[in-house]
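**Student:** The structure is given below, and queries will be raised subsequently.
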Amino acid sequence: MTDQASGQRAVRGSDHAELLSQYGLGMALGEASPVGSMPRPAAPANAPAALQNLVALAVQLCNAQYGAINVITEDEFHQIAAKGLEPLMCAREDSLCGQVFKYGRTVVVADCTEDPRFRANPFVDGRFGAVRFYATTPLLTKDGVPLGTLCIFDEKPGNLTDQQAAGLETLAAQVVDVLDLQLRTRQLDATVSSCSAATNCWANSPAGSAMTCGGR
């Protein structure tokens, strides 16, 4: 299950930001942090409460200490739900998920200090943290567009069984289902508001007033 190719579709930065906004995750996007600067507390992301339960389940499934659901843009990494730590935000280049997000598949690293992709990362080498075990899987829409990642990690080496890796991917799909529901709810609310505004406009127009009076 790990390291299999994905149908991830590339999206331009402005289009990706607009997509995140449609999903109700636009509040997660703030001013990008300079590369190498200390992570800071995440801004409110307006994420559904169900996401917290899913990330907690991912941590339990994988026998890890920490977990997070992350939104990733061209230059920013933002945790919208987390277990074992307070959600944070930092430059994408500094994050672990930002380094492998482009792969579009599940990545499992038993010991980040022995992996050349991560051994000099600030979350591994002690500057921001001391991550050893790390696993991540992308959050892909039905069109294959990546919204972010679901990841788990620990400060001691570890690994995932095939069943655990498959379970992590299932949980990632459920995260996307929750976000899709939020998207449809936002779209429905927008439609209802638009219809209400149109109805009020018609009722207040001369034609609408005349029809209302004529119907009395």
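Residues are named by chain letter and number: chains run A, B, ... in the order of the structure tokens, numbers start at 1 in each chain, and ligands are numbered from 1 in the order shown.
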Could you list, as a list in words, every residue within 7 Å of Ala42 in chain A, counting only C-alpha atoms and ignoring same-chain residues fewer than 3 positions away?

**Tutor:** His78, Gln79, Pro87, Leu88 and Met89 of chain A

**Student:** Which one is closest to Leu181 in chain A: A:Ala47, A:Ala165, A:Ala64, A:Ala32? Count only C-alpha atoms.

**Tutor:**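 Of A:Ala47, A:Ala165, A:Ala64, A:Ala32, the one nearest Leu181 in chain A is A:Ala47, counting only C-alpha atoms.
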
**Student:** If we count only C-alpha atoms, what is near Asn63 in chain A at a cut-off of 10 Å, once residues fewer than 3 positions away on the same chain are taken out, given as a list in words?

**Tutor:**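 Final neighbour list, sorted by chain and number: Leu57, Ala58, Val59, Gln60, Tyr66, Ile152, Phe153, Asp154, Gly158, Asn159, Leu160 and Gln164 of chain A.
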
**Student:** Tell me, which residues of range 134-169 of chain A carry DSSP helix (DSSP H, G or I), written as an MDAnalysis selection string?

**Tutor:** chainID A and resid 162:169

**Student:** Using only C-alpha atoms for the distances, tell me which of A:Glu86, A:Ala81, A:Thr149, A:His16 is nearest to Gln99 in chain A.

**Tutor:**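 Of A:Glu86, A:Ala81, A:Thr149, A:His16, the one nearest Gln99 in chain A, counting only C-alpha atoms, is A:Thr149.
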
**Student:** List the spatial neighbours of Pro34 in chain A as a PDB file with C-alpha atoms, in the first residue's frame - criterion: any atom at most 10 Å away, only C-alpha atoms, same-chain residues fewer than 3 positions off excluded.

**Tutor:**
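Full text of out.pdb as output:
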```
ATOM      1  CA  GLU A  31       0.940  35.333   5.980  1.00  0.00           C
ATOM      2  CA  SER A  37      11.596  30.710  11.351  1.00  0.00           C
ATOM      3  CA  MET A  38      10.099  29.110  14.451  1.00  0.00           C
ATOM      4  CA  PRO A  39       6.660  27.543  13.985  1.00  0.00           C
ATOM      5  CA  ASP A  75       4.554  28.144   0.671  1.00  0.00           C
ATOM      6  CA  GLU A  76       2.669  27.341   3.875  1.00  0.00           C
ATOM      7  CA  CYS A  90       5.244  27.102   9.454  1.00  0.00           C
ATOM      8  CA  ALA A  91       6.874  27.451   6.063  1.00  0.00           C
ATOM      9  CA  ARG A  92       6.067  24.524   3.787  1.00  0.00           C
ATOM     10  CA  GLU A  93       9.758  23.966   3.111  1.00  0.00           C
ATOM     11  CA  ASP A  94      10.392  23.407   6.816  1.00  0.00           C
TER      12      ASP A  94
END
```

**Student:** Give me, please, the distance in Å between CA of Ile72 in chain A and CA of Tyr103 in chain A, quoted to one decimal.

**Tutor:**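 Answer for the CA of Ile72 in chain A to CA of Tyr103 in chain A separation: 13.4 Å.
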
**Student:** Enumerate as a PyMOL selection string all residues of range 11-208 of chain A assigned to strand (DSSP E or B) by DSSP on the backbone, naming them with the chain letters and numbers the document uses.

**Tutor:** chain A and resi 40-41+66-72+76-83+88-91+107-109+133-140+146-154

**Student:** Under the rule that only C-alpha atoms are counted, which of A:Thr73, A:Gln22, A:Gln163, A:Thr106 is the nearest residue to Cys151 in chain A?

**Tutor:**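 Closest residue, counting only C-alpha atoms: A:Thr106.
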
**Student:** Leaving out Leu54 in chain A and any residue of its chain fewer than 5 positions from it, which residues lie within 12 Å of it when counting only C-alpha atoms, given as a PDB file with C-alpha atoms, in the first residue's frame?

**Tutor:**
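Ended up saving to around-v5.pdb:
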```pdb
ATOM      1  CA  PRO A  48     -15.240  20.449  11.458  1.00  0.00           C
ATOM      2  CA  ALA A  49     -14.951  18.979  14.957  1.00  0.00           C
ATOM      3  CA  VAL A  59      -2.680   8.088  16.273  1.00  0.00           C
ATOM      4  CA  GLN A  60      -4.253   5.139  18.077  1.00  0.00           C
ATOM      5  CA  LEU A  61      -4.232   2.937  14.957  1.00  0.00           C
ATOM      6  CA  GLY A  67      -0.852  13.157  14.622  1.00  0.00           C
ATOM      7  CA  ALA A  68      -2.166  16.026  12.530  1.00  0.00           C
ATOM      8  CA  ILE A  69      -4.389  16.959   9.623  1.00  0.00           C
ATOM      9  CA  ALA A  81      -6.469  19.441  13.755  1.00  0.00           C
ATOM     10  CA  ALA A  82      -3.866  17.706  15.904  1.00  0.00           C
ATOM     11  CA  LYS A  83      -3.424  15.067  18.605  1.00  0.00           C
ATOM     12  CA  LEU A 150      -2.967  13.210   7.358  1.00  0.00           C
ATOM     13  CA  CYS A 151       0.223  12.345   9.228  1.00  0.00           C
ATOM     14  CA  ILE A 152       1.373  10.601  12.395  1.00  0.00           C
ATOM     15  CA  GLY A 167      -6.121   2.064   7.728  1.00  0.00           C
ATOM     16  CA  LEU A 168      -4.322   5.407   7.619  1.00  0.00           C
ATOM     17  CA  GLU A 169      -5.376   5.825   3.982  1.00  0.00           C
ATOM     18  CA  THR A 170      -8.963   4.930   4.886  1.00  0.00           C
ATOM     19  CA  LEU A 171      -8.959   7.585   7.596  1.00  0.00           C
ATOM     20  CA  ALA A 172      -7.555  10.108   5.103  1.00  0.00           C
ATOM     21  CA  ALA A 173     -10.463   9.323   2.781  1.00  0.00           C
ATOM     22  CA  GLN A 174     -12.870   9.892   5.678  1.00  0.00           C
ATOM     23  CA  VAL A 175     -11.234  13.250   6.372  1.00  0.00           C
ATOM     24  CA  VAL A 176     -11.956  14.224   2.766  1.00  0.00           C
ATOM     25  CA  ASP A 177     -15.555  12.974   3.163  1.00  0.00           C
ATOM     26  CA  VAL A 178     -15.985  15.305   6.160  1.00  0.00           C
TER      27      VAL A 178
END
```

**Student:** For range 127-129 of chain A, list every protein, DNA or RNA residue within 10 Å, evaluated using only C-alpha atoms, and leave out those in the same chain fewer than 2 positions away; present the list as JSON, numbers by chain.

**Tutor:** {"A": [36, 37, 38, 39, 94, 120, 121, 122, 123, 124, 125, 131, 132, 155]}
